[in-house]
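Participant: Hey, dropping coords12.cif in here, mmCIF, C-alpha atoms and all ligand atoms:
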```cif
data_coords
#
loop_
_atom_site.label_atom_id
_atom_site.label_comp_id
_atom_site.auth_asym_id
_atom_site.auth_seq_id
_atom_site.Cartn_x
_atom_site.Cartn_y
_atom_site.Cartn_z
CA MET A 10 64.16 -51.54 184.43
CA LEU A 11 62.73 -48.10 183.66
CA ASP A 12 61.25 -46.37 186.72
CA LEU A 13 58.66 -43.77 185.69
CA CYS A 14 58.37 -40.80 188.09
CA CYS A 15 61.65 -42.01 189.62
CA SER A 16 62.32 -38.81 191.57
CA TYR A 17 65.80 -39.12 193.19
CA GLY A 18 66.01 -42.85 192.48
CA VAL A 19 64.62 -44.24 195.73
CA ASN A 20 63.27 -47.39 194.05
CA ALA A 21 66.68 -47.94 192.46
CA ALA A 22 68.29 -47.57 195.90
CA LEU A 23 65.98 -50.18 197.45
CA LEU A 24 66.43 -52.62 194.57
CA ARG A 25 70.13 -52.17 193.85
CA CYS A 26 71.50 -51.75 197.36
CA ASP A 27 71.36 -53.63 200.63
CA VAL A 28 69.40 -50.87 202.35
CA SER A 29 65.87 -50.60 203.80
CA LEU A 30 63.46 -47.68 203.63
CA ASP A 31 63.91 -47.12 207.39
CA GLU A 32 67.68 -46.95 206.91
CA LEU A 33 67.18 -44.37 204.16
CA PHE A 34 64.91 -42.31 206.44
CA ALA A 35 67.63 -42.41 209.14
CA HIS A 36 70.37 -41.54 206.63
CA TYR A 37 68.57 -38.47 205.24
CA ALA A 38 67.42 -37.29 208.68
CA SER A 39 71.00 -37.40 209.96
CA PRO A 40 72.24 -34.01 211.29
CA ALA A 41 75.61 -34.80 209.69
CA LEU A 42 74.06 -34.29 206.25
CA ALA A 43 72.00 -31.21 207.09
CA ASP A 44 74.55 -28.56 206.13
CA LEU A 45 76.11 -30.23 203.09
CA SER A 46 75.95 -28.54 199.70
CA PRO A 47 74.27 -30.55 196.89
CA ALA A 48 77.72 -31.42 195.48
CA GLU A 49 78.97 -32.59 198.91
CA LEU A 50 75.82 -34.67 199.46
CA CYS A 51 76.33 -36.31 196.07
CA ARG A 52 79.87 -37.32 197.07
CA VAL A 53 78.69 -38.73 200.43
CA ASP A 54 75.80 -40.60 198.81
CA GLU A 55 77.85 -42.00 195.97
CA ALA A 56 80.07 -43.69 198.59
CA TYR A 57 77.05 -44.65 200.77
CA TYR A 58 75.35 -46.52 197.92
CA ALA A 59 78.58 -47.98 196.51
CA GLU A 60 79.32 -49.60 199.90
CA ARG A 61 75.88 -51.18 199.93
CA ARG A 62 75.53 -52.18 196.26
CA ARG A 63 74.33 -55.74 195.72
CA LEU A 64 76.54 -57.95 193.59
CA ASP A 65 73.55 -58.86 191.40
CA ALA A 66 72.17 -55.30 191.25
CA VAL A 67 69.57 -54.82 188.52
CA ARG A 68 70.17 -52.03 186.01
CA VAL A 69 67.72 -49.19 186.61
CA SER A 70 67.08 -46.06 184.60
CA GLY A 71 64.62 -43.33 185.44
CA LEU A 72 62.24 -40.81 183.95
CA ASP A 73 60.90 -37.80 185.84
CA THR A 74 60.02 -34.24 184.92
CA ALA A 75 62.12 -33.07 187.91
CA GLY A 76 65.48 -32.63 186.20
CA ASN A 77 67.54 -32.00 189.35
CA ALA A 78 66.21 -35.16 191.01
CA VAL A 79 67.03 -37.30 187.97
CA ALA A 80 70.49 -35.70 187.71
CA TYR A 81 71.16 -36.54 191.39
CA GLY A 82 70.09 -40.19 190.83
CA CYS A 83 72.55 -40.44 187.96
CA ARG A 84 75.40 -38.70 189.82
CA VAL A 85 75.24 -41.08 192.78
CA ASN A 86 75.06 -44.08 190.40
CA LEU A 87 71.59 -45.22 191.41
CA LEU A 88 70.28 -44.55 187.91
CA GLU A 89 72.23 -45.81 184.94
CA GLY A 90 70.36 -43.44 182.66
CA GLY A 91 68.03 -40.56 183.46
CA TRP A 92 65.57 -38.56 181.42
CA ALA A 93 63.81 -35.34 182.42
CA GLU A 94 60.98 -35.60 179.92
CA ASP A 95 57.22 -35.20 180.08
CA LEU A 96 55.59 -37.96 178.06
CA GLU A 97 52.16 -36.61 178.98
CA ALA A 98 52.98 -33.70 176.70
CA GLY A 99 55.05 -35.18 173.89
CA ASP A 100 56.94 -38.12 172.41
CA PRO A 101 60.19 -39.43 173.94
CA SER A 102 63.49 -37.99 172.75
CA ARG A 103 65.72 -39.91 170.36
CA GLN A 104 68.03 -40.94 173.26
CA LEU A 105 65.16 -42.23 175.40
CA THR A 106 63.65 -44.04 172.41
CA ASP A 107 66.98 -45.81 171.82
CA HIS A 108 67.03 -46.84 175.47
CA LEU A 109 63.44 -48.20 175.49
CA ASP A 110 64.30 -51.11 173.19
CA GLY A 111 66.45 -52.67 175.95
CA VAL A 112 63.97 -52.27 178.82
CA ASP A 113 62.53 -55.48 180.36
CA LEU A 114 60.44 -53.93 183.13
CA VAL A 115 58.61 -50.59 183.45
CA THR A 116 57.63 -49.52 186.96
CA THR A 117 56.15 -46.66 188.88
CA THR A 118 55.32 -45.98 192.51
CA GLY A 119 53.42 -42.81 193.33
CA GLY A 120 53.32 -41.89 189.66
CA VAL A 121 49.76 -42.70 188.58
CA GLY A 122 47.74 -39.52 188.84
CA TYR A 123 50.70 -37.49 187.59
CA ILE A 124 51.11 -39.78 184.61
CA THR A 125 48.21 -41.32 182.70
CA GLU A 126 47.70 -43.79 179.88
CA ARG A 127 49.40 -41.23 177.59
CA THR A 128 52.83 -41.83 179.16
CA PHE A 129 52.44 -45.64 179.10
CA ASP A 130 51.27 -45.48 175.48
CA ARG A 131 54.31 -43.45 174.47
CA VAL A 132 56.76 -45.67 176.39
CA LEU A 133 55.44 -48.86 174.78
CA GLY A 134 54.64 -47.33 171.39
CA ALA A 135 58.10 -45.85 170.84
CA ARG A 136 59.86 -49.21 171.07
CA ARG A 137 61.20 -50.48 167.75
CA GLY A 138 61.91 -54.10 168.59
CA GLY A 139 62.58 -56.69 171.24
CA SER A 140 60.09 -58.34 173.53
CA THR A 141 57.41 -56.24 175.20
CA PRO A 142 58.44 -55.30 178.76
CA TRP A 143 56.39 -56.16 181.81
CA VAL A 144 54.75 -53.21 183.57
CA ALA A 145 54.59 -53.28 187.39
CA VAL A 146 52.72 -50.43 189.05
CA PHE A 147 51.73 -49.40 192.57
CA ALA A 148 48.78 -47.01 192.11
CA LEU A 149 46.95 -45.15 194.86
CA ARG A 150 43.47 -46.58 195.37
CA MET A 151 41.87 -43.22 194.70
CA PHE A 152 42.80 -43.57 191.01
CA SER A 153 41.15 -45.92 188.55
CA TYR A 154 43.64 -48.05 186.61
CA ASP A 155 41.14 -48.90 183.85
CA ARG A 156 42.38 -46.55 181.16
CA ILE A 157 46.00 -47.55 181.71
CA SER A 158 45.23 -51.28 181.58
CA GLU A 159 43.14 -50.74 178.42
CA THR A 160 46.07 -48.94 176.82
CA LEU A 161 48.50 -51.64 177.89
CA ALA A 162 46.13 -54.22 176.34
CA GLN A 163 46.46 -52.41 173.01
CA HIS A 164 50.19 -53.16 173.30
CA GLY A 165 49.52 -56.86 173.95
CA LEU A 166 49.76 -56.87 177.75
CA VAL A 167 47.33 -58.58 180.12
CA THR A 168 46.87 -56.77 183.43
CA GLU A 169 46.26 -58.56 186.72
CA GLN A 170 45.59 -56.83 190.03
CA LEU A 171 46.97 -58.38 193.18
CA THR A 172 43.95 -58.91 195.41
CA GLY A 173 43.70 -59.30 199.17
CA VAL A 174 46.48 -56.89 200.03
CA THR A 175 47.07 -53.13 199.75
CA PHE A 176 50.29 -51.24 200.36
CA PRO A 177 50.44 -48.37 202.89
CA GLN A 178 52.02 -45.19 201.54
CA ARG A 179 52.83 -41.86 203.15
CA ARG A 180 50.69 -40.25 205.85
CA PHE A 181 48.17 -37.59 204.86
CA ALA A 182 49.68 -34.14 205.14
CA SER A 183 46.44 -32.41 206.18
CA GLU A 184 42.85 -33.00 207.16
CA SER A 185 41.65 -31.76 203.78
CA GLU A 186 43.93 -34.25 201.98
CA ARG A 187 42.52 -37.03 204.15
CA GLU A 188 38.91 -36.00 203.51
CA ALA A 189 39.42 -35.70 199.77
CA THR A 190 41.09 -39.13 199.60
CA LEU A 191 38.39 -40.86 201.65
CA ARG A 192 35.80 -39.29 199.34
CA GLU A 193 37.63 -40.44 196.18
CA VAL A 194 38.20 -43.97 197.50
CA SER A 195 34.58 -44.36 198.61
CA GLY A 196 33.45 -42.87 195.31
CA ARG A 197 35.23 -45.73 193.54
CA GLY A 198 33.18 -48.18 195.60
CA LEU A 199 36.13 -49.15 197.82
CA ASP A 200 36.04 -49.34 201.60
CA PRO A 201 38.61 -47.11 203.34
CA ALA A 202 38.09 -48.88 206.72
CA GLY A 203 41.38 -50.16 208.13
CA ARG A 204 43.23 -48.59 205.22
CA GLU A 205 42.98 -44.89 204.29
CA ASP A 206 40.92 -44.11 207.40
CA THR A 207 43.96 -44.98 209.54
CA GLY A 208 45.68 -41.88 208.14
CA ARG A 209 47.67 -43.05 205.13
CA TYR A 210 47.28 -43.44 201.40
CA HIS A 211 47.08 -47.06 200.26
CA ALA A 212 48.15 -48.42 196.88
CA ASP A 213 47.06 -51.40 194.80
CA PHE A 214 49.55 -53.44 192.80
CA TYR A 215 49.05 -54.20 189.10
CA LEU A 216 51.23 -56.36 186.86
CA SER A 217 50.85 -56.35 183.08
CA ARG A 218 52.53 -59.05 181.00
CA PRO A 219 52.33 -60.61 177.55
CA ALA A 220 49.48 -63.15 177.62
CA ALA A 221 51.85 -66.13 177.26
CA ASP A 222 53.87 -65.05 180.32
CA ALA A 223 50.70 -64.48 182.36
CA ALA A 224 49.37 -67.94 181.42
CA GLN A 225 52.64 -69.63 182.32
CA ARG A 226 52.84 -68.30 185.89
CA PRO A 227 49.83 -66.76 187.66
CA LEU A 228 50.46 -63.56 189.60
CA VAL A 229 49.79 -65.12 193.01
CA GLY A 230 52.36 -67.89 192.42
CA LEU A 231 54.88 -65.42 191.08
CA LEU A 232 54.68 -63.31 194.25
CA ASP A 233 54.40 -66.21 196.66
CA GLY A 234 56.55 -65.49 199.71
CA VAL A 235 57.23 -61.91 198.58
CA VAL A 236 54.00 -60.18 199.53
CA PRO A 237 52.77 -59.89 203.13
CA GLN A 238 49.24 -61.32 203.45
C1 LIG A 301 54.79 -38.70 194.58
S1 LIG A 301 56.29 -38.57 193.69
C2 LIG A 301 56.79 -40.27 193.62
C3 LIG A 301 58.27 -40.41 193.68
C4 LIG A 301 58.81 -41.84 193.84
N1 LIG A 301 58.46 -42.68 192.72
C5 LIG A 301 58.31 -42.45 195.11
O1 LIG A 301 57.58 -43.44 195.09
O2 LIG A 301 58.68 -41.95 196.19
C6 LIG A 301 55.74 -38.20 192.06
C7 LIG A 301 56.86 -37.91 191.07
O3 LIG A 301 56.28 -37.78 189.76
C8 LIG A 301 56.99 -36.80 189.05
N2 LIG A 301 56.17 -36.37 187.91
C9 LIG A 301 55.10 -35.54 187.94
N3 LIG A 301 54.57 -35.41 186.70
C10 LIG A 301 55.34 -36.18 185.87
C11 LIG A 301 55.30 -36.49 184.47
N4 LIG A 301 54.37 -35.95 183.66
N5 LIG A 301 56.22 -37.32 183.96
C12 LIG A 301 57.18 -37.86 184.76
N6 LIG A 301 57.27 -37.61 186.10
C13 LIG A 301 56.35 -36.79 186.64
C14 LIG A 301 57.29 -35.74 190.08
O4 LIG A 301 58.36 -34.90 189.67
C15 LIG A 301 57.63 -36.61 191.31
O5 LIG A 301 59.01 -36.90 191.37
#
```
Using structure tokens, write down the structure that the file contains.
Facilitator:
Amino acid sequence: MLDLCCSYGVNAALLRCDVSLDELFAHYASPALADLSPAELCRVDEAYYAERRRLDAVRVSGLDTAGNAVAYGCRVNLLEGGWAEDLEAGDPSRQLTDHLDGVDLVTTTGGVGYITERTFDRVLGARRGGSTPWVAVFALRMFSYDRISETLAQHGLVTEQLTGVTFPQRRFASESEREATLREVSGRGLDPAGREDTGRYHADFYLSRPAADAAQRPLVGLLDGVVPQ
């Protein structure tokens, strides 16, 4: 799996380790970690994640323009490979291109808005062989996904949006952030009632797959029992 906008590797932590988001909040809010140097924190976290690693842990690599965050994710063994590259601005490096051929799943949470169809086009366009990966994205509702899904279609992927459920994200940091988001969401013809107007961003989920895969197993069946209704 390649996690776009991976930051410190939090998605890798949740997928690869037996740890919940609440446990991660408690871990990083712990006073015991407050005075550690970056190198000391890396040593503590390497052990923390190793103790919790699932036996069947998926292999995750990450891309983010924040080089220190990616380097941390690699040092604590959450990310198997990490790239600090900006695919909005240019093509992937030779090393990243080599890696892309082996990727089965491309993801991002909190990335759309920072990255656009340009990044997805470069990730899928640079591949030299192998089957086309699936693309699973949580995108804030204030952003249209149309241009990304159109680009993914040019690479042979059919995009489905999971309907009937949205995913709460972080709380708004200020009144102006809240107002701007409510305006953007309403401007897209969506109703913020019970969602953004409760004080948090909300994301939609999109899955893009080769047409044959999508026909074989509809999105709703695939996620049956996984998604809260
Ligand atoms: C809101 S954070 C999301 C982090 C993480 N995925 C999460 O869900 O908590 C957005 C991330 O996108 C990264 N980012 C911004 N522009 C980027 C770009 N052009 N390419 C890759 N990453 C980018 C930032 O460095 C930051 O780590």
Participant: Show me which residues are within 10 Å of ligand LIG 301 (chain A) counting all atoms listed in the file, and format the list as a ChimeraX atom specification.
Facilitator: /A:12-21,71-79,92-99,116-125,127-128,147-148,178-179
Participant: Would you mind reading off the distance between CA of Glu49 (chain A) and CA of Ala35 (chain A), one decimal, in Å?
Facilitator: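 CA of Ala35 (chain A) lies 18.2 Å from CA of Glu49 (chain A).
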Participant: Quick one: residues within 7 Å of Thr106 (chain A), all atoms listed in the file, excluding same-chain residues fewer than 4 positions away - as a ChimeraX atom specification?
Facilitator: /A:101-102,135-136
Participant: By how many Å are CA of Arg197 (chain A) and CA of Ser153 (chain A) apart?
Facilitator: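 So the answer is 7.7 Å.
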Participant: Neighbours of Leu171 (chain A) within 9 Å (only C-alpha atoms; same-chain residues fewer than 6 positions away dropped), as JSON, numbers by chain?
Facilitator: {"A": [213, 214, 215, 216, 228, 229]}
Participant: What is the CA of Val112 (chain A) to CA of Val28 (chain A) distance in Å?
Facilitator: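 Going from CA of Val112 (chain A) over to CA of Val28 (chain A), I get 24.2 Å.
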Participant: Taking into account only C-alpha atoms, which residue in the set A:Val236, A:Asp44, A:Asp31, A:Arg25 is nearest to Ala59 (chain A)?
Facilitator: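 So, comparing all the options, the nearest one is A:Arg25.
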Participant: I want to know what sits within 12 Å of Thr160 (chain A), based on all atoms listed in the file, with residues of the same chain fewer than 6 positions away left out; could you give that as a PyMOL selection string?
Facilitator: chain A and resi 125-134+144+154+166-168+217
Participant: Neighbouring residues of Pro47 (chain A) were defined as those with any atom within 12 Å, considering all atoms listed in the file; residues of the same chain fewer than 2 positions away were excluded. Please report them as a list in words.
Facilitator: Leu42, Ala43, Asp44, Leu45, Glu49, Leu50, Cys51, Arg52, Val53, Asp54, Asn77, Ala78, Ala80, Tyr81, Arg84 and Val85 of chain A
Participant: Calculated over all atoms listed in the file, which of the candidates A:Leu109, A:Ala162, A:Ala189, A:Val235 has the smallest distance to Val174 (chain A)?
Facilitator: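 The shortest atom-to-atom distance to Val174 (chain A) comes from A:Val235.
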Participant: With distances taken over only C-alpha atoms, which residue among A:Glu89, A:Glu186, A:Asp113, A:Asp222 lies nearest Ser70 (chain A)?
Facilitator: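 Result for the nearest residue to Ser70 (chain A): A:Glu89.
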Participant: Can you work out which one of A:Glu193, A:Glu188, A:Asp233, A:Asp107 has the shortest atom-to-atom distance to Gly208 (chain A), counting all atoms listed in the file?
Facilitator: A:Glu188
Participant: Which of these, A:Arg204, A:Leu161, A:Arg209, A:Gly139, has the shortest distance to Ala182 (chain A) once you count all atoms listed in the file?
Facilitator: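 Closest to Ala182 (chain A), using all atoms listed in the file: A:Arg209.
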Participant: Using only C-alpha atoms, which of A:Arg150, A:Leu191, A:Ser29, A:Leu199 sits nearest Arg61 (chain A)?
Facilitator: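 Among the listed residues, A:Ser29 lies closest to Arg61 (chain A).
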Participant: I'd like the box whose edges run along x, y and z of the file and which contains every listed atom of region 113-120 of chain A, padded by 5 Å per side; could you state its centre and edge lengths in Å, one decimal, as JSON?
Facilitator:
```
{"center_x": 57.9, "center_y": -48.7, "center_z": 186.8, "size_x": 19.2, "size_y": 23.6, "size_z": 23.0}
```
Participant: For region 129-140 of chain A, supply all heavy atoms and report the output as a PDB file, in the coordinates of the input.
Facilitator:
```pdb
ATOM      1  N   PHE A 129      52.226 -44.203 179.354  1.00  0.00           N
ATOM      2  CA  PHE A 129      52.440 -45.640 179.100  1.00  0.00           C
ATOM      3  C   PHE A 129      52.357 -45.928 177.599  1.00  0.00           C
ATOM      4  O   PHE A 129      53.124 -46.728 177.066  1.00  0.00           O
ATOM      5  CB  PHE A 129      51.420 -46.467 179.892  1.00  0.00           C
ATOM      6  CG  PHE A 129      51.673 -46.437 181.371  1.00  0.00           C
ATOM      7  CD1 PHE A 129      51.063 -45.502 182.190  1.00  0.00           C
ATOM      8  CD2 PHE A 129      52.566 -47.341 181.946  1.00  0.00           C
ATOM      9  CE1 PHE A 129      51.316 -45.467 183.546  1.00  0.00           C
ATOM     10  CE2 PHE A 129      52.826 -47.311 183.318  1.00  0.00           C
ATOM     11  CZ  PHE A 129      52.196 -46.364 184.115  1.00  0.00           C
ATOM     12  N   ASP A 130      51.419 -45.279 176.919  1.00  0.00           N
ATOM     13  CA  ASP A 130      51.270 -45.480 175.480  1.00  0.00           C
ATOM     14  C   ASP A 130      52.544 -45.057 174.745  1.00  0.00           C
ATOM     15  O   ASP A 130      53.029 -45.757 173.849  1.00  0.00           O
ATOM     16  CB  ASP A 130      50.066 -44.658 174.995  1.00  0.00           C
ATOM     17  CG  ASP A 130      49.632 -45.039 173.596  1.00  0.00           C
ATOM     18  OD1 ASP A 130      49.768 -46.230 173.241  1.00  0.00           O
ATOM     19  OD2 ASP A 130      49.171 -44.153 172.861  1.00  0.00           O
ATOM     20  N   ARG A 131      53.112 -43.934 175.161  1.00  0.00           N
ATOM     21  CA  ARG A 131      54.310 -43.450 174.470  1.00  0.00           C
ATOM     22  C   ARG A 131      55.527 -44.326 174.786  1.00  0.00           C
ATOM     23  O   ARG A 131      56.367 -44.555 173.929  1.00  0.00           O
ATOM     24  CB  ARG A 131      54.573 -41.992 174.841  1.00  0.00           C
ATOM     25  CG  ARG A 131      53.566 -41.070 174.149  1.00  0.00           C
ATOM     26  CD  ARG A 131      53.882 -39.612 174.360  1.00  0.00           C
ATOM     27  NE  ARG A 131      53.160 -38.803 173.394  1.00  0.00           N
ATOM     28  CZ  ARG A 131      52.301 -37.828 173.690  1.00  0.00           C
ATOM     29  NH1 ARG A 131      52.063 -37.521 174.960  1.00  0.00           N
ATOM     30  NH2 ARG A 131      51.699 -37.154 172.751  1.00  0.00           N
ATOM     31  N   VAL A 132      55.622 -44.801 176.031  1.00  0.00           N
ATOM     32  CA  VAL A 132      56.760 -45.670 176.390  1.00  0.00           C
ATOM     33  C   VAL A 132      56.707 -46.963 175.567  1.00  0.00           C
ATOM     34  O   VAL A 132      57.699 -47.392 174.980  1.00  0.00           O
ATOM     35  CB  VAL A 132      56.747 -45.995 177.902  1.00  0.00           C
ATOM     36  CG1 VAL A 132      57.680 -47.153 178.234  1.00  0.00           C
ATOM     37  CG2 VAL A 132      57.142 -44.756 178.704  1.00  0.00           C
ATOM     38  N   LEU A 133      55.534 -47.579 175.499  1.00  0.00           N
ATOM     39  CA  LEU A 133      55.440 -48.860 174.780  1.00  0.00           C
ATOM     40  C   LEU A 133      55.394 -48.663 173.270  1.00  0.00           C
ATOM     41  O   LEU A 133      55.929 -49.483 172.513  1.00  0.00           O
ATOM     42  CB  LEU A 133      54.218 -49.642 175.261  1.00  0.00           C
ATOM     43  CG  LEU A 133      54.331 -50.106 176.715  1.00  0.00           C
ATOM     44  CD1 LEU A 133      53.051 -50.779 177.166  1.00  0.00           C
ATOM     45  CD2 LEU A 133      55.497 -51.067 176.906  1.00  0.00           C
ATOM     46  N   GLY A 134      54.796 -47.557 172.836  1.00  0.00           N
ATOM     47  CA  GLY A 134      54.640 -47.330 171.390  1.00  0.00           C
ATOM     48  C   GLY A 134      55.930 -46.909 170.717  1.00  0.00           C
ATOM     49  O   GLY A 134      56.087 -47.106 169.517  1.00  0.00           O
ATOM     50  N   ALA A 135      56.875 -46.348 171.457  1.00  0.00           N
ATOM     51  CA  ALA A 135      58.100 -45.850 170.840  1.00  0.00           C
ATOM     52  C   ALA A 135      59.115 -46.968 170.585  1.00  0.00           C
ATOM     53  O   ALA A 135      60.069 -46.792 169.831  1.00  0.00           O
ATOM     54  CB  ALA A 135      58.739 -44.794 171.737  1.00  0.00           C
ATOM     55  N   ARG A 136      58.890 -48.123 171.213  1.00  0.00           N
ATOM     56  CA  ARG A 136      59.860 -49.210 171.070  1.00  0.00           C
ATOM     57  C   ARG A 136      59.867 -49.707 169.626  1.00  0.00           C
ATOM     58  O   ARG A 136      58.847 -49.777 168.968  1.00  0.00           O
ATOM     59  CB  ARG A 136      59.525 -50.347 172.027  1.00  0.00           C
ATOM     60  CG  ARG A 136      59.661 -49.915 173.475  1.00  0.00           C
ATOM     61  CD  ARG A 136      59.039 -50.908 174.419  1.00  0.00           C
ATOM     62  NE  ARG A 136      59.491 -52.252 174.114  1.00  0.00           N
ATOM     63  CZ  ARG A 136      58.830 -53.113 173.365  1.00  0.00           C
ATOM     64  NH1 ARG A 136      57.658 -52.793 172.842  1.00  0.00           N
ATOM     65  NH2 ARG A 136      59.313 -54.300 173.130  1.00  0.00           N
ATOM     66  N   ARG A 137      61.094 -50.051 169.146  1.00  0.00           N
ATOM     67  CA  ARG A 137      61.200 -50.480 167.750  1.00  0.00           C
ATOM     68  C   ARG A 137      61.414 -51.967 167.621  1.00  0.00           C
ATOM     69  O   ARG A 137      61.381 -52.521 166.544  1.00  0.00           O
ATOM     70  CB  ARG A 137      62.345 -49.726 167.063  1.00  0.00           C
ATOM     71  CG  ARG A 137      62.011 -48.260 166.888  1.00  0.00           C
ATOM     72  CD  ARG A 137      63.225 -47.458 166.590  1.00  0.00           C
ATOM     73  NE  ARG A 137      64.204 -47.577 167.667  1.00  0.00           N
ATOM     74  CZ  ARG A 137      65.093 -46.646 167.971  1.00  0.00           C
ATOM     75  NH1 ARG A 137      65.126 -45.534 167.286  1.00  0.00           N
ATOM     76  NH2 ARG A 137      65.944 -46.821 168.956  1.00  0.00           N
ATOM     77  N   GLY A 138      61.674 -52.656 168.708  1.00  0.00           N
ATOM     78  CA  GLY A 138      61.910 -54.100 168.590  1.00  0.00           C
ATOM     79  C   GLY A 138      62.026 -54.720 169.967  1.00  0.00           C
ATOM     80  O   GLY A 138      61.784 -54.077 170.978  1.00  0.00           O
ATOM     81  N   GLY A 139      62.393 -55.990 169.968  1.00  0.00           N
ATOM     82  CA  GLY A 139      62.580 -56.690 171.240  1.00  0.00           C
ATOM     83  C   GLY A 139      61.249 -57.123 171.819  1.00  0.00           C
ATOM     84  O   GLY A 139      60.184 -56.804 171.293  1.00  0.00           O
ATOM     85  N   SER A 140      61.328 -57.870 172.916  1.00  0.00           N
ATOM     86  CA  SER A 140      60.090 -58.340 173.530  1.00  0.00           C
ATOM     87  C   SER A 140      59.452 -57.205 174.327  1.00  0.00           C
ATOM     88  O   SER A 140      60.141 -56.302 174.803  1.00  0.00           O
ATOM     89  CB  SER A 140      60.375 -59.548 174.427  1.00  0.00           C
ATOM     90  OG  SER A 140      61.347 -59.185 175.371  1.00  0.00           O
TER      91      SER A 140
END
```
